[in-house]
Amino acid sequence: MRKRILSMVLATFMVASLLVGCGGGAGSANKVGVAMPTKDLQRWNQDGANMKEKLEAAGYTVDLQYASNDIATQVSQIENMINSGCSMLVIASIDGDSLGTVLELAKESGIPVIAYDRLIMNSDAVSYYATFDNYMVGTLQGQYIKDTLDLDNAEGPFNIELTTGDPGDNNARFFFGGAMDVLQPYIDSGKLVVKSGQTTFEEVATANWATDAAQARMDAIIAANYSDGTTLHACMCSNDSTALGVANSLEANYTGEWPIITGQDCDIASVKNILAGKQSMSIFKDTRTLASKVVEMVDAIMKGGEAPVNDTKTYDNGTGIIPSFLCEPVFADINNYKELLIDSGYYTEDQLQ
């Protein structure tokens, strides 16, 4: 009888352990899985490091993984996080439409999911979304071009080319849409001219936000439209990796007056380009702010509550509106970079030399 009782106790303990390991709805385990897309872009290294540091400071164990921009790798990493006892997942997806199956496993295991900076599409397993105001990112870029060229007063016309990000990244459409809502009226009136004729999202998208892809496309645009000395006045680039590709192409192929170039993320290479006059501005999204907010969200959920949100209308992932917290972006340029990036401790002076 004693052996039978002991066996029953052990069996109960094993079942309880499995439930905790799977992060069953109770959220009693303390492990958070953080899935980042790649180490190839500086911003994701910073996001991952900030997230890990702040979650650990809050008392959580963190499984941080980078997927080298390979969807199958990211799916496998998330599956391993689920099976290894993570009670919550924070995921910056490579492709927002490619995680439905593995997230169904998370849902079945009672594991909440926060989509980080990139909205995960067509999955009802997504509990929350944390990001910067992506539409505002684009409007800030468009407004910078509008103000710098003084489009409401200058005679023009001015030549502009457009470059945005990966077509599988839902954010890219928000960035591009925000910028075009500012710029399109001037394109329609002829004040802005896109000599390449490439104005749709599909035409100007850049796979994986890759610098070399943006550079190759810009090489072709310059050869066809600006090799005769025609002035290119502005390049609307949705982020720093594409802006870097455009700047590289201009340095190699373009002899006219240097254009306005926008960007996003304040990568070190692009901040150096701002200081050298090769990029005009970059949207500063302080990943420390976003990481801190995600830690608040994680903490609230793990304690059985609801995560703080400030937007319940904007982001529909195909299964319904995802409650979101949107941090506010600002832009950095030659006039304010020191205050935003150096004085705040985001970078040191030495890093920008």
# chains A, B, ... in the order shown; residues from 1 in each chain; ligands from 1
>>> residues_around(residues="Leu290 in chain A", least_positions_apart="2", cutoff="8 Å", atoms="only C-alpha atoms", output="list of chain:residue names")
A:Ala130, A:Thr131, A:Phe132, A:Asp286, A:Thr287, A:Arg288, A:Ser292, A:Lys293, A:Val294, A:Cys327
>>> write_last_selection(atoms="N, CA, C and O atoms", output="PDB file, in the first residue's frame")
ATOM      1  N   ALA A 130       3.465  45.053 -28.981  1.00  0.00           N
ATOM      2  CA  ALA A 130       4.232  46.185 -28.449  1.00  0.00           C
ATOM      3  C   ALA A 130       5.140  46.706 -29.548  1.00  0.00           C
ATOM      4  O   ALA A 130       5.902  45.947 -30.154  1.00  0.00           O
ATOM      5  N   THR A 131       5.064  48.000 -29.811  1.00  0.00           N
ATOM      6  CA  THR A 131       5.840  48.559 -30.906  1.00  0.00           C
ATOM      7  C   THR A 131       5.934  50.066 -30.730  1.00  0.00           C
ATOM      8  O   THR A 131       5.439  50.640 -29.767  1.00  0.00           O
ATOM      9  N   PHE A 132       6.602  50.703 -31.658  1.00  0.00           N
ATOM     10  CA  PHE A 132       6.511  52.145 -31.787  1.00  0.00           C
ATOM     11  C   PHE A 132       5.360  52.457 -32.744  1.00  0.00           C
ATOM     12  O   PHE A 132       4.880  51.568 -33.446  1.00  0.00           O
ATOM     13  N   ASP A 286      13.938  54.478 -29.173  1.00  0.00           N
ATOM     14  CA  ASP A 286      14.765  54.068 -28.039  1.00  0.00           C
ATOM     15  C   ASP A 286      14.310  52.688 -27.567  1.00  0.00           C
ATOM     16  O   ASP A 286      13.264  52.548 -26.922  1.00  0.00           O
ATOM     17  N   THR A 287      15.098  51.672 -27.916  1.00  0.00           N
ATOM     18  CA  THR A 287      14.709  50.298 -27.594  1.00  0.00           C
ATOM     19  C   THR A 287      14.668  50.059 -26.093  1.00  0.00           C
ATOM     20  O   THR A 287      14.023  49.119 -25.643  1.00  0.00           O
ATOM     21  N   ARG A 288      15.324  50.904 -25.318  1.00  0.00           N
ATOM     22  CA  ARG A 288      15.234  50.782 -23.863  1.00  0.00           C
ATOM     23  C   ARG A 288      13.806  51.080 -23.403  1.00  0.00           C
ATOM     24  O   ARG A 288      13.287  50.426 -22.490  1.00  0.00           O
ATOM     25  N   SER A 292      11.419  48.277 -21.724  1.00  0.00           N
ATOM     26  CA  SER A 292      10.835  48.528 -20.407  1.00  0.00           C
ATOM     27  C   SER A 292       9.327  48.314 -20.425  1.00  0.00           C
ATOM     28  O   SER A 292       8.750  47.749 -19.491  1.00  0.00           O
ATOM     29  N   LYS A 293       8.689  48.770 -21.493  1.00  0.00           N
ATOM     30  CA  LYS A 293       7.243  48.596 -21.589  1.00  0.00           C
ATOM     31  C   LYS A 293       6.882  47.120 -21.724  1.00  0.00           C
ATOM     32  O   LYS A 293       5.900  46.659 -21.101  1.00  0.00           O
ATOM     33  N   VAL A 294       7.657  46.373 -22.491  1.00  0.00           N
ATOM     34  CA  VAL A 294       7.375  44.943 -22.640  1.00  0.00           C
ATOM     35  C   VAL A 294       7.558  44.218 -21.309  1.00  0.00           C
ATOM     36  O   VAL A 294       6.783  43.318 -20.972  1.00  0.00           O
ATOM     37  N   CYS A 327       4.807  53.065 -28.480  1.00  0.00           N
ATOM     38  CA  CYS A 327       5.733  54.082 -28.008  1.00  0.00           C
ATOM     39  C   CYS A 327       5.896  55.141 -29.098  1.00  0.00           C
ATOM     40  O   CYS A 327       5.742  54.853 -30.290  1.00  0.00           O
TER      41      CYS A 327
END
>>> residues_around(residues="range 45-61 of chain A", least_positions_apart="2", cutoff="8 Å", atoms="only C-alpha atoms", output="VMD selection string")
chain A and resid 30 to 32 34 36 38 to 39 41 to 43 63 to 64 287 to 288 291 to 292 294 to 295
>>> write_last_selection(atoms="N, CA and C atoms", output="PDB file, in the first residue's frame")
ATOM      1  N   ASN A  30       8.885  30.836 -14.501  1.00  0.00           N
ATOM      2  CA  ASN A  30       9.472  32.177 -14.532  1.00  0.00           C
ATOM      3  C   ASN A  30      10.311  32.403 -15.778  1.00  0.00           C
ATOM      4  N   LYS A  31      10.099  31.600 -16.813  1.00  0.00           N
ATOM      5  CA  LYS A  31      10.952  31.634 -17.989  1.00  0.00           C
ATOM      6  C   LYS A  31      10.236  32.295 -19.165  1.00  0.00           C
ATOM      7  N   VAL A  32      10.918  33.257 -19.785  1.00  0.00           N
ATOM      8  CA  VAL A  32      10.355  33.992 -20.920  1.00  0.00           C
ATOM      9  C   VAL A  32      11.208  33.726 -22.155  1.00  0.00           C
ATOM     10  N   VAL A  34      12.367  34.843 -25.791  1.00  0.00           N
ATOM     11  CA  VAL A  34      12.464  36.049 -26.615  1.00  0.00           C
ATOM     12  C   VAL A  34      13.059  35.657 -27.957  1.00  0.00           C
ATOM     13  N   MET A  36      14.146  36.787 -31.653  1.00  0.00           N
ATOM     14  CA  MET A  36      14.520  37.922 -32.484  1.00  0.00           C
ATOM     15  C   MET A  36      14.863  37.428 -33.893  1.00  0.00           C
ATOM     16  N   THR A  38      17.183  38.426 -36.362  1.00  0.00           N
ATOM     17  CA  THR A  38      18.534  38.313 -36.904  1.00  0.00           C
ATOM     18  C   THR A  38      19.505  39.144 -36.083  1.00  0.00           C
ATOM     19  N   LYS A  39      20.769  38.786 -36.162  1.00  0.00           N
ATOM     20  CA  LYS A  39      21.830  39.624 -35.603  1.00  0.00           C
ATOM     21  C   LYS A  39      22.452  40.517 -36.671  1.00  0.00           C
ATOM     22  N   LEU A  41      21.235  43.019 -38.327  1.00  0.00           N
ATOM     23  CA  LEU A  41      20.920  44.430 -38.170  1.00  0.00           C
ATOM     24  C   LEU A  41      21.180  44.825 -36.721  1.00  0.00           C
ATOM     25  N   GLN A  42      21.887  45.931 -36.549  1.00  0.00           N
ATOM     26  CA  GLN A  42      22.279  46.377 -35.214  1.00  0.00           C
ATOM     27  C   GLN A  42      21.093  46.521 -34.284  1.00  0.00           C
ATOM     28  N   ARG A  43      19.971  47.024 -34.786  1.00  0.00           N
ATOM     29  CA  ARG A  43      18.848  47.313 -33.908  1.00  0.00           C
ATOM     30  C   ARG A  43      18.319  46.074 -33.208  1.00  0.00           C
ATOM     31  N   ASP A  63      15.229  33.047 -22.318  1.00  0.00           N
ATOM     32  CA  ASP A  63      15.786  32.269 -23.429  1.00  0.00           C
ATOM     33  C   ASP A  63      15.741  33.169 -24.665  1.00  0.00           C
ATOM     34  N   LEU A  64      16.880  33.793 -24.987  1.00  0.00           N
ATOM     35  CA  LEU A  64      16.972  34.726 -26.115  1.00  0.00           C
ATOM     36  C   LEU A  64      17.584  34.016 -27.313  1.00  0.00           C
ATOM     37  N   THR A 287      15.098  51.672 -27.916  1.00  0.00           N
ATOM     38  CA  THR A 287      14.709  50.298 -27.594  1.00  0.00           C
ATOM     39  C   THR A 287      14.668  50.059 -26.093  1.00  0.00           C
ATOM     40  N   ARG A 288      15.324  50.904 -25.318  1.00  0.00           N
ATOM     41  CA  ARG A 288      15.234  50.782 -23.863  1.00  0.00           C
ATOM     42  C   ARG A 288      13.806  51.080 -23.403  1.00  0.00           C
ATOM     43  N   ALA A 291      11.649  48.057 -24.514  1.00  0.00           N
ATOM     44  CA  ALA A 291      11.956  46.907 -23.663  1.00  0.00           C
ATOM     45  C   ALA A 291      11.337  47.070 -22.281  1.00  0.00           C
ATOM     46  N   SER A 292      11.419  48.277 -21.724  1.00  0.00           N
ATOM     47  CA  SER A 292      10.835  48.528 -20.407  1.00  0.00           C
ATOM     48  C   SER A 292       9.327  48.314 -20.425  1.00  0.00           C
ATOM     49  N   VAL A 294       7.657  46.373 -22.491  1.00  0.00           N
ATOM     50  CA  VAL A 294       7.375  44.943 -22.640  1.00  0.00           C
ATOM     51  C   VAL A 294       7.558  44.218 -21.309  1.00  0.00           C
ATOM     52  N   VAL A 295       8.554  44.601 -20.535  1.00  0.00           N
ATOM     53  CA  VAL A 295       8.732  43.997 -19.215  1.00  0.00           C
ATOM     54  C   VAL A 295       7.509  44.282 -18.339  1.00  0.00           C
TER      55      VAL A 295
END
>>> residues_around(residues="Val309 in chain A", least_positions_apart="5", cutoff="12 Å", atoms="only C-alpha atoms", output="list in words")
Ile114, Ser127, Tyr128, Tyr129, Ala130, Thr131, Lys293, Val294, Glu296, Met297, Ala300, Thr314, Ile322, Pro323, Ser324, Phe325, Leu326 and Cys327 of chain A
>>> select_by_dssp(residues="range 98-187 of chain A", states="strand (DSSP E)", output="number ranges by chain")
A: 113-116, 126-132, 158-163
>>> atom_distance(atom1="CA of Thr231 in chain A", atom2="CA of Gly256 in chain A")
5.5 Å
>>> select_by_dssp(residues="range 19-138 of chain A", states="alpha helix (DSSP H)", output="ChimeraX atom specification")
/A:19-21,42-57,71-83,100-108,134-138
>>> closest_atom_pairs(of="range 25-74 of chain A", to="range 167-173 of chain A", cutoff="12 Å", atoms="only C-alpha atoms", output="CSV")
residue,atom,partner,partner_atom,distance
A:Pro37,CA,A:Asp169,CA,11.1
A:Asn69,CA,A:Gly168,CA,11.6
A:Ile71,CA,A:Gly168,CA,11.1
>>> closest_residue(among="A:Gln143, A:Val271, A:Asp181, A:Pro112", to="Glu349 in chain A", atoms="only C-alpha atoms")
A:Val271
>>> residues_around(residues="range 202-219 of chain A", least_positions_apart="5", cutoff="8 Å", atoms="only C-alpha atoms", output="short mmCIF file (atom, residue, chain, number, x, y, z; two decimals) with all heavy atoms, in the first residue's frame")
data_model
loop_
_atom_site.label_atom_id
_atom_site.label_comp_id
_atom_site.auth_asym_id
_atom_site.auth_seq_id
_atom_site.Cartn_x
_atom_site.Cartn_y
_atom_site.Cartn_z
N ASN A 69 17.45 35.45 -39.85
CA ASN A 69 16.47 35.75 -40.91
C ASN A 69 16.01 34.51 -41.65
O ASN A 69 15.64 34.57 -42.84
CB ASN A 69 17.04 36.78 -41.90
CG ASN A 69 16.57 38.19 -41.59
OD1 ASN A 69 15.53 38.39 -40.96
ND2 ASN A 69 17.32 39.17 -42.02
N LEU A 162 11.99 56.44 -53.81
CA LEU A 162 11.39 55.82 -52.63
C LEU A 162 11.95 54.42 -52.40
O LEU A 162 12.06 53.63 -53.35
CB LEU A 162 9.87 55.74 -52.81
CG LEU A 162 9.19 57.03 -53.30
CD1 LEU A 162 7.75 56.73 -53.73
CD2 LEU A 162 9.22 58.10 -52.23
N THR A 163 12.26 54.10 -51.15
CA THR A 163 12.75 52.77 -50.80
C THR A 163 12.15 52.37 -49.46
O THR A 163 12.30 53.09 -48.47
CB THR A 163 14.29 52.75 -50.67
OG1 THR A 163 14.87 53.23 -51.88
CG2 THR A 163 14.78 51.34 -50.39
N THR A 164 11.46 51.23 -49.43
CA THR A 164 10.92 50.76 -48.16
C THR A 164 11.43 49.35 -47.88
O THR A 164 12.39 48.89 -48.50
CB THR A 164 9.38 50.85 -48.13
OG1 THR A 164 8.93 50.67 -46.78
CG2 THR A 164 8.73 49.82 -49.03
N GLY A 165 10.81 48.67 -46.91
CA GLY A 165 11.38 47.45 -46.38
C GLY A 165 10.79 46.16 -46.90
O GLY A 165 10.20 46.11 -47.98
N ASP A 166 10.94 45.14 -46.09
CA ASP A 166 10.59 43.78 -46.51
C ASP A 166 9.07 43.63 -46.66
O ASP A 166 8.31 44.02 -45.77
CB ASP A 166 11.09 42.78 -45.47
CG ASP A 166 10.92 41.36 -45.93
OD1 ASP A 166 11.80 40.85 -46.64
OD2 ASP A 166 9.89 40.74 -45.59
N PRO A 167 8.62 43.04 -47.78
CA PRO A 167 7.17 42.90 -47.99
C PRO A 167 6.50 41.96 -46.99
O PRO A 167 5.29 42.01 -46.81
CB PRO A 167 7.08 42.34 -49.42
CG PRO A 167 8.43 41.79 -49.72
CD PRO A 167 9.41 42.60 -48.94
N ASN A 239 14.27 52.79 -43.52
CA ASN A 239 15.12 52.47 -42.36
C ASN A 239 16.58 52.67 -42.71
O ASN A 239 16.94 53.01 -43.84
CB ASN A 239 14.85 51.05 -41.84
CG ASN A 239 15.66 50.00 -42.56
OD1 ASN A 239 15.91 50.12 -43.76
ND2 ASN A 239 16.06 48.96 -41.84
N SER A 241 19.20 50.50 -42.77
CA SER A 241 19.91 49.54 -43.63
C SER A 241 19.64 49.82 -45.10
O SER A 241 20.55 49.70 -45.94
CB SER A 241 19.53 48.10 -43.27
OG SER A 241 18.15 47.88 -43.40
N THR A 242 18.43 50.23 -45.44
CA THR A 242 18.16 50.59 -46.84
C THR A 242 18.78 51.95 -47.16
O THR A 242 19.28 52.16 -48.27
CB THR A 242 16.65 50.62 -47.12
OG1 THR A 242 15.99 51.50 -46.21
CG2 THR A 242 16.05 49.23 -47.00
N ALA A 243 18.76 52.88 -46.20
CA ALA A 243 19.40 54.18 -46.42
C ALA A 243 20.89 54.02 -46.67
O ALA A 243 21.48 54.73 -47.50
CB ALA A 243 19.16 55.09 -45.22
N LEU A 244 21.51 53.08 -45.96
CA LEU A 244 22.95 52.84 -46.16
C LEU A 244 23.21 52.32 -47.57
O LEU A 244 24.17 52.73 -48.23
CB LEU A 244 23.45 51.83 -45.12
CG LEU A 244 24.95 51.53 -45.11
CD1 LEU A 244 25.76 52.80 -44.87
CD2 LEU A 244 25.27 50.47 -44.06
N GLY A 245 22.35 51.43 -48.06
CA GLY A 245 22.50 50.93 -49.43
C GLY A 245 22.35 52.03 -50.45
O GLY A 245 23.12 52.12 -51.42
N VAL A 246 21.38 52.93 -50.23
CA VAL A 246 21.17 54.05 -51.14
C VAL A 246 22.39 54.99 -51.11
O VAL A 246 22.88 55.43 -52.15
CB VAL A 246 19.88 54.80 -50.77
CG1 VAL A 246 19.81 56.16 -51.47
CG2 VAL A 246 18.66 53.96 -51.13
N ALA A 247 22.89 55.28 -49.91
CA ALA A 247 24.06 56.16 -49.80
C ALA A 247 25.28 55.55 -50.46
O ALA A 247 26.06 56.24 -51.14
CB ALA A 247 24.35 56.46 -48.33
N ASN A 248 25.48 54.24 -50.29
CA ASN A 248 26.61 53.56 -50.94
C ASN A 248 26.51 53.68 -52.46
O ASN A 248 27.52 53.91 -53.15
CB ASN A 248 26.64 52.08 -50.55
CG ASN A 248 27.03 51.86 -49.10
OD1 ASN A 248 27.56 52.75 -48.45
ND2 ASN A 248 26.76 50.66 -48.59
N SER A 249 25.30 53.52 -52.98
CA SER A 249 25.10 53.62 -54.43
C SER A 249 25.38 55.04 -54.91
O SER A 249 26.03 55.23 -55.96
CB SER A 249 23.67 53.21 -54.78
OG SER A 249 23.43 53.37 -56.17
N LEU A 250 24.90 56.02 -54.19
CA LEU A 250 25.13 57.41 -54.57
C LEU A 250 26.62 57.73 -54.59
O LEU A 250 27.12 58.39 -55.52
CB LEU A 250 24.41 58.34 -53.61
CG LEU A 250 22.88 58.36 -53.70
CD1 LEU A 250 22.27 59.05 -52.48
CD2 LEU A 250 22.43 59.06 -54.98
N ASN A 253 28.04 56.13 -57.79
CA ASN A 253 27.48 56.35 -59.12
C ASN A 253 26.94 57.75 -59.40
O ASN A 253 26.69 58.08 -60.56
CB ASN A 253 26.30 55.37 -59.34
CG ASN A 253 26.70 53.93 -59.18
OD1 ASN A 253 27.46 53.40 -59.99
ND2 ASN A 253 26.21 53.28 -58.13
#
>>> closest_atom_pairs(of="range 88-159 of chain A", to="range 183-193 of chain A", cutoff="8 Å", atoms="only C-alpha atoms", output="Markdown table")
| residue | atom | partner | partner_atom | distance |
| --- | --- | --- | --- | --- |
| A:Gly142 | CA | A:Leu183 | CA | 6.0 |
| A:Gln143 | CA | A:Leu183 | CA | 8.0 |
| A:Lys146 | CA | A:Leu183 | CA | 7.3 |
| A:Leu151 | CA | A:Lys191 | CA | 7.3 |
| A:Glu155 | CA | A:Lys191 | CA | 7.6 |
| A:Gly156 | CA | A:Lys191 | CA | 5.6 |
| A:Pro157 | CA | A:Lys191 | CA | 4.5 |
| A:Phe158 | CA | A:Leu192 | CA | 4.9 |
| A:Asn159 | CA | A:Val193 | CA | 4.7 |
>>> residues_around(residues="Leu140 in chain A", least_positions_apart="3", cutoff="9 Å", atoms="only C-alpha atoms", output="list in words")
Tyr135, Met136, Val137, Gln143, Tyr144, Ile145, Gly178, Ala179, Val182, Ile283, Pro329, Val330 and Phe331 of chain A
>>> write_last_selection(atoms="N, CA and C atoms", output="PDB file, in the first residue's frame")
ATOM      1  N   TYR A 135       3.051  54.098 -38.089  1.00  0.00           N
ATOM      2  CA  TYR A 135       2.538  55.086 -39.034  1.00  0.00           C
ATOM      3  C   TYR A 135       3.213  56.439 -38.781  1.00  0.00           C
ATOM      4  N   MET A 136       3.409  56.781 -37.507  1.00  0.00           N
ATOM      5  CA  MET A 136       4.064  58.044 -37.177  1.00  0.00           C
ATOM      6  C   MET A 136       5.506  58.058 -37.667  1.00  0.00           C
ATOM      7  N   VAL A 137       6.188  56.908 -37.640  1.00  0.00           N
ATOM      8  CA  VAL A 137       7.545  56.824 -38.183  1.00  0.00           C
ATOM      9  C   VAL A 137       7.557  57.327 -39.621  1.00  0.00           C
ATOM     10  N   GLN A 143       7.365  64.193 -43.435  1.00  0.00           N
ATOM     11  CA  GLN A 143       7.326  65.581 -42.993  1.00  0.00           C
ATOM     12  C   GLN A 143       8.713  66.214 -43.041  1.00  0.00           C
ATOM     13  N   TYR A 144       9.750  65.422 -42.724  1.00  0.00           N
ATOM     14  CA  TYR A 144      11.115  65.942 -42.780  1.00  0.00           C
ATOM     15  C   TYR A 144      11.463  66.368 -44.209  1.00  0.00           C
ATOM     16  N   ILE A 145      11.108  65.529 -45.170  1.00  0.00           N
ATOM     17  CA  ILE A 145      11.357  65.877 -46.574  1.00  0.00           C
ATOM     18  C   ILE A 145      10.536  67.103 -46.971  1.00  0.00           C
ATOM     19  N   GLY A 178       2.587  55.932 -44.031  1.00  0.00           N
ATOM     20  CA  GLY A 178       2.687  57.206 -43.322  1.00  0.00           C
ATOM     21  C   GLY A 178       3.455  58.242 -44.121  1.00  0.00           C
ATOM     22  N   ALA A 179       4.575  57.822 -44.709  1.00  0.00           N
ATOM     23  CA  ALA A 179       5.376  58.742 -45.521  1.00  0.00           C
ATOM     24  C   ALA A 179       4.608  59.196 -46.757  1.00  0.00           C
ATOM     25  N   VAL A 182       1.984  61.911 -46.528  1.00  0.00           N
ATOM     26  CA  VAL A 182       2.538  63.265 -46.543  1.00  0.00           C
ATOM     27  C   VAL A 182       2.983  63.662 -47.952  1.00  0.00           C
ATOM     28  N   ILE A 283      14.978  58.021 -37.728  1.00  0.00           N
ATOM     29  CA  ILE A 283      13.995  57.940 -36.651  1.00  0.00           C
ATOM     30  C   ILE A 283      14.631  57.223 -35.462  1.00  0.00           C
ATOM     31  N   PRO A 329       7.910  57.627 -31.510  1.00  0.00           N
ATOM     32  CA  PRO A 329       9.249  57.850 -32.080  1.00  0.00           C
ATOM     33  C   PRO A 329       9.541  59.340 -32.242  1.00  0.00           C
ATOM     34  N   VAL A 330      10.821  59.666 -32.354  1.00  0.00           N
ATOM     35  CA  VAL A 330      11.262  61.025 -32.688  1.00  0.00           C
ATOM     36  C   VAL A 330      12.352  60.901 -33.747  1.00  0.00           C
ATOM     37  N   PHE A 331      12.727  62.014 -34.376  1.00  0.00           N
ATOM     38  CA  PHE A 331      13.807  61.912 -35.352  1.00  0.00           C
ATOM     39  C   PHE A 331      15.077  62.554 -34.813  1.00  0.00           C
TER      40      PHE A 331
END
>>> residues_around(residues="range 344-348 of chain A", least_positions_apart="3", cutoff="10 Å", atoms="only C-alpha atoms", output="PyMOL selection string")
chain A and resi 268+286-288+338-341+351-353
>>> residues_around(residues="Tyr226 in chain A", least_positions_apart="2", cutoff="10 Å", atoms="only C-alpha atoms", output="NGL selection string")
:A and (159 or 195-196 or 219-224 or 228-232 or 253-256)
>>> write_last_selection(atoms="N, CA and C atoms", output="PDB file, in the first residue's frame")
ATOM      1  N   ASN A 159      13.074  66.096 -57.577  1.00  0.00           N
ATOM      2  CA  ASN A 159      13.103  64.666 -57.858  1.00  0.00           C
ATOM      3  C   ASN A 159      13.286  63.865 -56.568  1.00  0.00           C
ATOM      4  N   LYS A 195      11.310  59.980 -60.887  1.00  0.00           N
ATOM      5  CA  LYS A 195      11.734  59.750 -62.271  1.00  0.00           C
ATOM      6  C   LYS A 195      11.772  58.264 -62.637  1.00  0.00           C
ATOM      7  N   SER A 196      12.022  57.392 -61.663  1.00  0.00           N
ATOM      8  CA  SER A 196      12.035  55.953 -61.952  1.00  0.00           C
ATOM      9  C   SER A 196      10.637  55.431 -62.238  1.00  0.00           C
ATOM     10  N   ASP A 219      21.459  51.493 -57.762  1.00  0.00           N
ATOM     11  CA  ASP A 219      22.408  51.514 -58.883  1.00  0.00           C
ATOM     12  C   ASP A 219      21.656  51.600 -60.210  1.00  0.00           C
ATOM     13  N   ALA A 220      20.625  50.744 -60.335  1.00  0.00           N
ATOM     14  CA  ALA A 220      19.852  50.708 -61.574  1.00  0.00           C
ATOM     15  C   ALA A 220      19.073  52.005 -61.787  1.00  0.00           C
ATOM     16  N   ILE A 221      18.519  52.558 -60.710  1.00  0.00           N
ATOM     17  CA  ILE A 221      17.753  53.798 -60.819  1.00  0.00           C
ATOM     18  C   ILE A 221      18.647  54.958 -61.246  1.00  0.00           C
ATOM     19  N   ILE A 222      19.827  55.041 -60.659  1.00  0.00           N
ATOM     20  CA  ILE A 222      20.747  56.127 -61.024  1.00  0.00           C
ATOM     21  C   ILE A 222      21.188  55.989 -62.475  1.00  0.00           C
ATOM     22  N   ALA A 223      21.528  54.772 -62.871  1.00  0.00           N
ATOM     23  CA  ALA A 223      21.985  54.551 -64.246  1.00  0.00           C
ATOM     24  C   ALA A 223      20.926  54.966 -65.261  1.00  0.00           C
ATOM     25  N   ALA A 224      19.668  54.692 -64.945  1.00  0.00           N
ATOM     26  CA  ALA A 224      18.593  54.958 -65.900  1.00  0.00           C
ATOM     27  C   ALA A 224      18.088  56.397 -65.857  1.00  0.00           C
ATOM     28  N   ASP A 228      23.078  61.412 -66.112  1.00  0.00           N
ATOM     29  CA  ASP A 228      23.374  62.557 -66.976  1.00  0.00           C
ATOM     30  C   ASP A 228      23.524  63.859 -66.191  1.00  0.00           C
ATOM     31  N   GLY A 229      23.592  63.759 -64.865  1.00  0.00           N
ATOM     32  CA  GLY A 229      23.739  64.950 -64.049  1.00  0.00           C
ATOM     33  C   GLY A 229      22.439  65.487 -63.495  1.00  0.00           C
ATOM     34  N   THR A 230      21.325  64.843 -63.809  1.00  0.00           N
ATOM     35  CA  THR A 230      20.038  65.245 -63.250  1.00  0.00           C
ATOM     36  C   THR A 230      20.105  65.176 -61.718  1.00  0.00           C
ATOM     37  N   THR A 231      19.594  66.197 -61.070  1.00  0.00           N
ATOM     38  CA  THR A 231      19.665  66.262 -59.611  1.00  0.00           C
ATOM     39  C   THR A 231      18.606  65.380 -58.960  1.00  0.00           C
ATOM     40  N   LEU A 232      19.043  64.592 -58.003  1.00  0.00           N
ATOM     41  CA  LEU A 232      18.139  63.829 -57.145  1.00  0.00           C
ATOM     42  C   LEU A 232      18.057  64.595 -55.822  1.00  0.00           C
ATOM     43  N   ASN A 253      28.037  56.130 -57.786  1.00  0.00           N
ATOM     44  CA  ASN A 253      27.476  56.352 -59.118  1.00  0.00           C
ATOM     45  C   ASN A 253      26.942  57.754 -59.405  1.00  0.00           C
ATOM     46  N   TYR A 254      26.780  58.572 -58.384  1.00  0.00           N
ATOM     47  CA  TYR A 254      26.055  59.826 -58.557  1.00  0.00           C
ATOM     48  C   TYR A 254      27.004  61.010 -58.376  1.00  0.00           C
ATOM     49  N   THR A 255      26.895  61.992 -59.259  1.00  0.00           N
ATOM     50  CA  THR A 255      27.815  63.134 -59.217  1.00  0.00           C
ATOM     51  C   THR A 255      27.112  64.447 -58.912  1.00  0.00           C
ATOM     52  N   GLY A 256      25.800  64.409 -58.739  1.00  0.00           N
ATOM     53  CA  GLY A 256      25.062  65.645 -58.509  1.00  0.00           C
ATOM     54  C   GLY A 256      25.049  66.079 -57.056  1.00  0.00           C
TER      55      GLY A 256
END
>>> atom_distance(atom1="CA of Asp267 in chain A", atom2="CA of Ile342 in chain A")
13.2 Å
>>> closest_residue(among="A:Gln74, A:Gln141, A:Gln198, A:Thr148", to="Leu103 in chain A", atoms="only C-alpha atoms")
A:Gln74
>>> atom_distance(atom1="CA of Gly110 in chain A", atom2="CA of Asp133 in chain A")
28.7 Å
